[in-house]
>>> print(open('input09.cif').read())   # mmCIF, C-alpha atoms
data_structure
loop_
_atom_site.label_atom_id
_atom_site.label_comp_id
_atom_site.auth_asym_id
_atom_site.auth_seq_id
_atom_site.Cartn_x
_atom_site.Cartn_y
_atom_site.Cartn_z
CA MET J 1274 -80.93 50.52 -30.85
CA SER J 1275 -79.38 51.04 -27.40
CA GLU J 1276 -81.87 53.83 -26.68
CA ILE J 1277 -84.74 51.49 -27.51
CA LEU J 1278 -83.36 48.76 -25.24
CA PHE J 1279 -82.84 51.28 -22.45
CA SER J 1280 -86.36 52.66 -22.77
CA LEU J 1281 -88.11 49.28 -22.62
CA PRO J 1282 -87.51 48.62 -18.89
CA LEU J 1283 -88.51 52.18 -18.04
CA ALA J 1284 -91.71 51.81 -20.04
CA SER J 1285 -92.49 48.53 -18.32
CA ILE J 1286 -91.81 50.03 -14.89
CA TRP J 1287 -94.02 53.03 -15.64
CA GLU J 1288 -96.80 50.77 -16.91
CA ALA J 1289 -96.53 48.65 -13.76
CA PHE J 1290 -96.74 51.81 -11.64
CA THR J 1291 -99.80 53.19 -13.43
CA THR J 1292 -101.65 49.87 -13.10
CA SER J 1293 -100.80 49.53 -9.39
CA ASP J 1294 -103.43 50.13 -6.74
CA GLY J 1295 -103.17 52.97 -4.23
CA PHE J 1296 -101.24 50.84 -1.74
CA GLY J 1297 -98.54 49.92 -4.27
CA LYS J 1298 -98.23 53.47 -5.58
CA GLY J 1299 -97.97 54.78 -2.03
CA ILE J 1300 -95.09 52.44 -1.23
CA VAL J 1301 -93.23 53.41 -4.41
CA VAL J 1302 -93.65 57.11 -3.61
CA ILE J 1303 -92.37 56.52 -0.06
CA GLN J 1304 -89.38 54.56 -1.40
CA LEU J 1305 -88.48 57.32 -3.86
CA ALA J 1306 -88.78 59.95 -1.11
CA MET J 1307 -86.55 57.80 1.12
CA SER J 1308 -84.01 57.55 -1.70
CA VAL J 1309 -83.83 61.34 -2.00
CA GLY J 1310 -83.48 61.69 1.77
CA ILE J 1311 -80.84 58.95 2.05
CA TRP J 1312 -78.69 60.36 -0.73
CA SER J 1313 -78.98 63.92 0.55
CA LEU J 1314 -77.87 62.70 3.97
CA MET J 1315 -75.04 60.58 2.55
CA ILE J 1316 -73.67 63.39 0.40
CA GLY J 1317 -73.76 65.79 3.35
CA LYS J 1318 -72.11 63.20 5.58
CA TRP J 1319 -69.41 62.48 3.02
CA LEU J 1320 -68.57 66.19 2.67
CA ASP J 1321 -68.45 66.55 6.46
CA LEU J 1322 -66.15 63.54 6.87
CA ARG J 1323 -63.89 64.75 4.06
CA ASP J 1324 -63.47 68.09 5.84
CA LYS J 1325 -62.91 66.38 9.18
CA ILE J 1326 -60.15 64.20 7.74
CA LYS J 1327 -58.36 67.18 6.20
CA GLU J 1328 -58.70 69.36 9.32
CA SER J 1329 -57.71 66.52 11.65
CA GLU J 1330 -54.57 65.68 9.70
CA ARG J 1331 -53.63 69.36 9.56
CA PHE J 1332 -54.05 69.85 13.33
CA ARG J 1333 -52.26 66.58 14.11
CA LYS J 1334 -49.25 67.75 12.11
CA PHE J 1335 -49.35 71.16 13.81
CA PHE J 1336 -49.64 69.64 17.30
CA THR J 1337 -46.74 67.28 16.70
CA GLY J 1338 -44.57 70.26 15.80
CA THR J 1339 -45.32 72.26 18.97
CA ASP J 1340 -42.84 72.22 21.86
CA MET J 1341 -45.37 72.64 24.72
CA LEU J 1342 -48.64 70.75 25.11
CA LEU J 1343 -50.63 73.81 26.25
CA GLY J 1344 -49.26 76.14 23.59
CA TYR J 1345 -52.30 76.04 21.31
CA TYR J 1346 -54.68 76.27 24.27
CA TYR J 1347 -53.25 79.55 25.58
CA SER J 1348 -53.07 81.11 22.14
CA ASN J 1349 -56.67 80.10 21.26
CA GLN J 1350 -58.58 80.32 24.54
CA ARG J 1351 -61.69 81.65 22.81
CA VAL J 1352 -62.12 78.32 21.02
CA GLN J 1353 -64.60 76.30 23.09
CA VAL J 1354 -66.15 73.93 20.54
CA SER J 1355 -64.72 73.11 17.13
CA LYS J 1356 -65.85 71.13 14.11
CA ASN J 1357 -62.46 69.44 14.32
CA PRO J 1358 -62.77 66.43 16.67
CA LEU J 1359 -59.05 66.53 17.51
CA ILE J 1360 -59.29 70.11 18.74
CA ASN J 1361 -62.24 69.19 20.96
CA VAL J 1362 -60.26 66.35 22.57
CA TYR J 1363 -57.30 68.69 22.98
CA ILE J 1364 -59.38 71.50 24.55
CA ALA J 1365 -61.10 69.14 27.01
CA SER J 1366 -57.73 67.75 28.07
CA SER J 1367 -56.08 71.15 28.31
CA LYS J 1368 -58.88 72.57 30.44
CA ARG J 1369 -58.50 69.67 32.82
CA ILE J 1370 -54.72 70.16 33.01
CA VAL J 1371 -55.13 73.86 33.83
CA ARG J 1372 -57.82 73.02 36.39
CA GLU J 1373 -55.58 70.51 38.13
CA LEU J 1374 -52.67 72.97 38.14
CA ASN J 1375 -54.91 75.62 39.67
CA ASN J 1376 -56.05 73.11 42.29
CA LEU J 1377 -52.43 73.10 43.43
CA GLY J 1378 -52.77 76.83 44.13
CA LEU J 1379 -50.64 77.87 41.16
CA ASP J 1380 -53.27 80.05 39.40
CA VAL J 1381 -51.59 79.62 36.00
CA ARG J 1382 -52.79 82.21 33.49
CA THR J 1383 -50.08 82.13 30.85
CA LEU J 1384 -48.18 79.44 29.03
CA ALA J 1385 -44.92 80.48 30.68
CA GLU J 1386 -46.41 79.84 34.13
CA THR J 1387 -47.09 76.19 33.24
CA ARG J 1388 -43.49 75.45 32.28
CA GLY J 1389 -41.88 73.01 34.66
CA GLN J 1390 -45.05 72.39 36.67
CA LYS J 1391 -45.90 68.80 37.64
CA LEU J 1392 -49.09 66.92 38.44
CA SER J 1393 -49.73 64.06 40.81
CA LYS J 1394 -50.66 60.58 39.65
CA GLY J 1395 -54.28 61.24 40.59
CA ALA J 1396 -54.38 64.47 38.58
CA ILE J 1397 -52.80 62.74 35.59
CA THR J 1398 -55.50 60.05 35.81
CA LEU J 1399 -58.22 62.72 35.82
CA VAL J 1400 -56.77 64.36 32.72
CA LYS J 1401 -56.62 60.98 30.98
CA GLY J 1402 -60.24 60.41 31.90
CA ALA J 1403 -61.26 63.77 30.42
CA ALA J 1404 -59.38 63.02 27.20
CA GLU J 1405 -60.87 59.54 26.84
CA GLU J 1406 -64.38 60.76 27.62
CA GLU J 1407 -64.15 63.47 24.96
CA LEU J 1408 -62.67 60.92 22.55
CA SER J 1409 -65.77 58.75 23.02
CA VAL J 1410 -68.06 61.76 22.52
CA GLN J 1411 -66.30 62.77 19.30
CA SER J 1412 -66.37 59.21 17.99
CA LEU J 1413 -70.14 59.13 18.48
CA LEU J 1414 -70.51 62.47 16.71
CA VAL J 1415 -68.43 61.22 13.78
CA GLU J 1416 -70.81 58.25 13.46
CA LYS J 1417 -73.92 60.46 13.70
CA TYR J 1418 -76.75 59.55 11.28
CA MET J 1419 -75.11 56.29 10.23
CA GLY J 1420 -77.84 54.33 12.00
CA VAL J 1421 -80.47 56.28 10.05
CA LEU J 1422 -78.71 55.55 6.76
CA GLY J 1423 -78.40 51.83 7.48
CA ALA J 1424 -82.02 51.59 8.61
CA GLY J 1425 -83.19 53.54 5.55
CA ALA J 1426 -81.59 51.11 3.10
CA SER J 1427 -83.04 48.12 4.93
CA LEU J 1428 -86.47 49.71 5.26
CA ALA J 1429 -86.66 50.46 1.54
CA THR J 1430 -86.13 46.77 0.78
CA LEU J 1431 -88.61 45.61 3.43
CA LEU J 1432 -91.25 48.03 2.16
CA GLY J 1433 -90.71 46.60 -1.32
CA LEU J 1434 -91.23 43.06 -0.06
CA LEU J 1435 -94.34 44.17 1.81
CA GLY J 1436 -95.79 45.74 -1.34
CA THR J 1437 -95.04 42.61 -3.34
CA VAL J 1438 -96.55 40.24 -0.79
CA VAL J 1439 -99.70 42.33 -0.47
CA GLY J 1440 -99.99 42.66 -4.26
CA VAL J 1441 -99.62 38.92 -4.79
CA LEU J 1442 -102.12 38.29 -2.01
CA PHE J 1443 -104.70 40.49 -3.71
CA ALA J 1444 -104.02 38.79 -7.06
CA PHE J 1445 -104.65 35.34 -5.61
CA GLN J 1446 -107.78 36.57 -3.84
CA SER J 1447 -109.03 37.88 -7.18
CA MET J 1448 -108.33 34.51 -8.82
CA GLY J 1449 -110.12 32.73 -6.04
CA ALA J 1450 -113.17 34.95 -6.34
CA LYS J 1451 -113.39 34.36 -10.10
CA GLY J 1452 -112.76 30.65 -9.79
CA SER J 1453 -110.47 30.64 -12.82
CA VAL J 1454 -106.90 31.44 -13.74
CA ASN J 1455 -106.39 33.67 -16.74
CA LEU J 1456 -102.78 34.75 -17.22
CA SER J 1457 -103.75 37.87 -19.14
CA GLU J 1458 -105.86 39.00 -16.20
CA ILE J 1459 -103.44 38.32 -13.35
CA ALA J 1460 -100.19 39.27 -15.11
CA PRO J 1461 -100.68 43.06 -14.73
CA GLY J 1462 -101.46 42.64 -11.03
CA LEU J 1463 -98.38 40.47 -10.43
CA SER J 1464 -96.23 42.89 -12.41
CA SER J 1465 -97.45 45.77 -10.28
CA ALA J 1466 -96.82 43.72 -7.14
CA MET J 1467 -93.21 43.08 -8.14
CA LEU J 1468 -92.61 46.77 -8.82
CA THR J 1469 -92.20 47.68 -5.16
CA THR J 1470 -89.45 45.07 -4.73
CA VAL J 1471 -87.66 46.35 -7.83
CA VAL J 1472 -87.80 49.95 -6.59
CA GLY J 1473 -86.72 48.84 -3.11
CA LEU J 1474 -83.63 47.12 -4.51
CA VAL J 1475 -82.84 50.08 -6.76
CA VAL J 1476 -82.92 52.30 -3.66
CA ALA J 1477 -81.10 49.90 -1.32
CA ILE J 1478 -78.19 48.64 -3.48
CA PRO J 1479 -76.51 52.02 -4.18
CA SER J 1480 -77.38 53.16 -0.64
CA ILE J 1481 -75.50 50.22 0.85
CA PHE J 1482 -72.55 50.96 -1.44
CA GLY J 1483 -72.50 54.60 -0.28
CA TYR J 1484 -72.94 53.51 3.35
CA ASN J 1485 -69.84 51.30 3.16
CA ILE J 1486 -67.81 54.17 1.71
CA LEU J 1487 -68.86 56.34 4.64
CA VAL J 1488 -67.94 53.57 7.09
CA GLY J 1489 -64.42 53.59 5.62
CA SER J 1490 -64.15 57.37 6.07
CA ILE J 1491 -65.42 57.13 9.65
CA ARG J 1492 -62.82 54.47 10.40
CA GLN J 1493 -60.13 56.80 9.03
CA VAL J 1494 -61.27 59.67 11.28
CA ASN J 1495 -61.38 57.38 14.33
CA ILE J 1496 -57.87 56.09 13.61
CA ILE J 1497 -56.59 59.69 13.50
CA LEU J 1498 -58.50 60.45 16.71
CA ASP J 1499 -57.08 57.45 18.55
CA GLY J 1500 -53.55 58.20 17.40
CA PHE J 1501 -53.82 61.85 18.42
CA THR J 1502 -55.20 60.97 21.85
CA ASP J 1503 -52.34 58.54 22.46
CA GLU J 1504 -49.83 61.22 21.46
CA LEU J 1505 -51.57 63.78 23.67
CA LEU J 1506 -51.48 61.50 26.70
CA GLY J 1507 -47.85 60.63 26.00
CA ARG J 1508 -46.91 64.29 26.00
CA LEU J 1509 -48.97 64.79 29.15
CA LEU J 1510 -46.78 62.25 30.96
CA SER J 1511 -43.64 63.68 29.42
CA GLU J 1512 -44.34 67.27 30.51
CA PHE J 1513 -46.40 67.00 33.69
CA ASP J 1514 -45.70 63.63 35.34
CA ASP J 1515 -43.65 64.30 38.50
CA ASP J 1516 -41.85 61.00 38.05
CA GLU J 1517 -40.41 61.99 34.69
#
>>> encode(input="input09.cif", output="structure tokens")
Amino acid sequence: MSEILFSLPLASIWEAFTTSDGFGKGIVVIQLAMSVGIWSLMIGKWLDLRDKIKESERFRKFFTGTDMLLGYYYSNQRVQVSKNPLINVYIASSKRIVRELNNLGLDVRTLAETRGQKLSKGAITLVKGAAEEELSVQSLLVEKYMGVLGAGASLATLLGLLGTVVGVLFAFQSMGAKGSVNLSEIAPGLSSAMLTTVVGLVVAIPSIFGYNILVGSIRQVNIILDGFTDELLGRLLSEFDDDE
């Protein structure tokens, strides 16, 4: 019995699709293609954010346990760009610290040579600027494609409404041309017109649900990023501020 009840809506939807005109069928095909694209993008984004959260938490714990701010930088100088946003903020800040130390004529090449060195207030400000700039860049990268996902869900619904409005418009034009209203004649056309809205909602509702899950994961990554940057700048003052 449950299989019969489940199959009835599908049969009705298929019948509405087959009786649709080319415009309606085209919109449904576009909506289904958008659904595949949206979900492929969301799954990929979710996997990427999951890895970023794990890697960020791991590096944050490692960094907190180090005794010198530039320790990781000097032991991993080949690392220029990382998939881990925390490491990218750290590298940008460390490069600026080393640059400012070298501007003092120190020519520091090893971690031991940085021990006990101090920076001026201006140099500290420049390092903070580099860290905050990279933080903004990484935050934007974490949010990459979210605009596309949000627009895709909205567009699927709007396309559905467009298909319905156009379908109803054609149905009324047909009634006007015939000069009579026969329910058996207009019902298939109205059913086909409503199909695009149904498909649009079927695409949009789960997409919005997935989008909100991704927003939560992005917020988690950004919280870790902000906390790490604050800790990094705190250690910068602790180790390199000449007033400390």
>>> residues_near_point(input="input09.cif", point="(-54.8, 71.7, 28.0)", cutoff="6 Å", atoms="all atoms listed in the file", output="PyMOL selection string")
chain J and resi 1343+1346+1364+1366-1368+1370
>>> resolve_selection(input="input09.cif", expression="the PyMOL selection byres ((chain J and resi 1506-1517) around 10)", output="PyMOL selection string")
chain J and resi 1337+1340-1343+1363+1366-1367+1370+1374+1387-1394+1396-1397+1400-1401+1404-1405+1501-1505
>>> atom_distance(input="input09.cif", atom1="CA of Ser1427 in chain J", atom2="CA of Tyr1484 in chain J")
11.6 Å
>>> closest_atom_pairs(input="input09.cif", of="range 1308-1363 of chain J", to="range 1461-1482 of chain J", cutoff="10 Å", atoms="all atoms listed in the file", output="tab-separated table")
residue	atom	partner	partner_atom	distance
J:Ser1308	CA	J:Val1476	CA	5.7
J:Val1309	CA	J:Val1476	CA	9.2
J:Ile1311	CA	J:Ser1480	CA	7.3
J:Trp1312	CA	J:Ser1480	CA	7.3
J:Met1315	CA	J:Ser1480	CA	8.4
>>> atom_distance(input="input09.cif", atom1="CA of Leu1408 in chain J", atom2="CA of Asn1357 in chain J")
11.8 Å
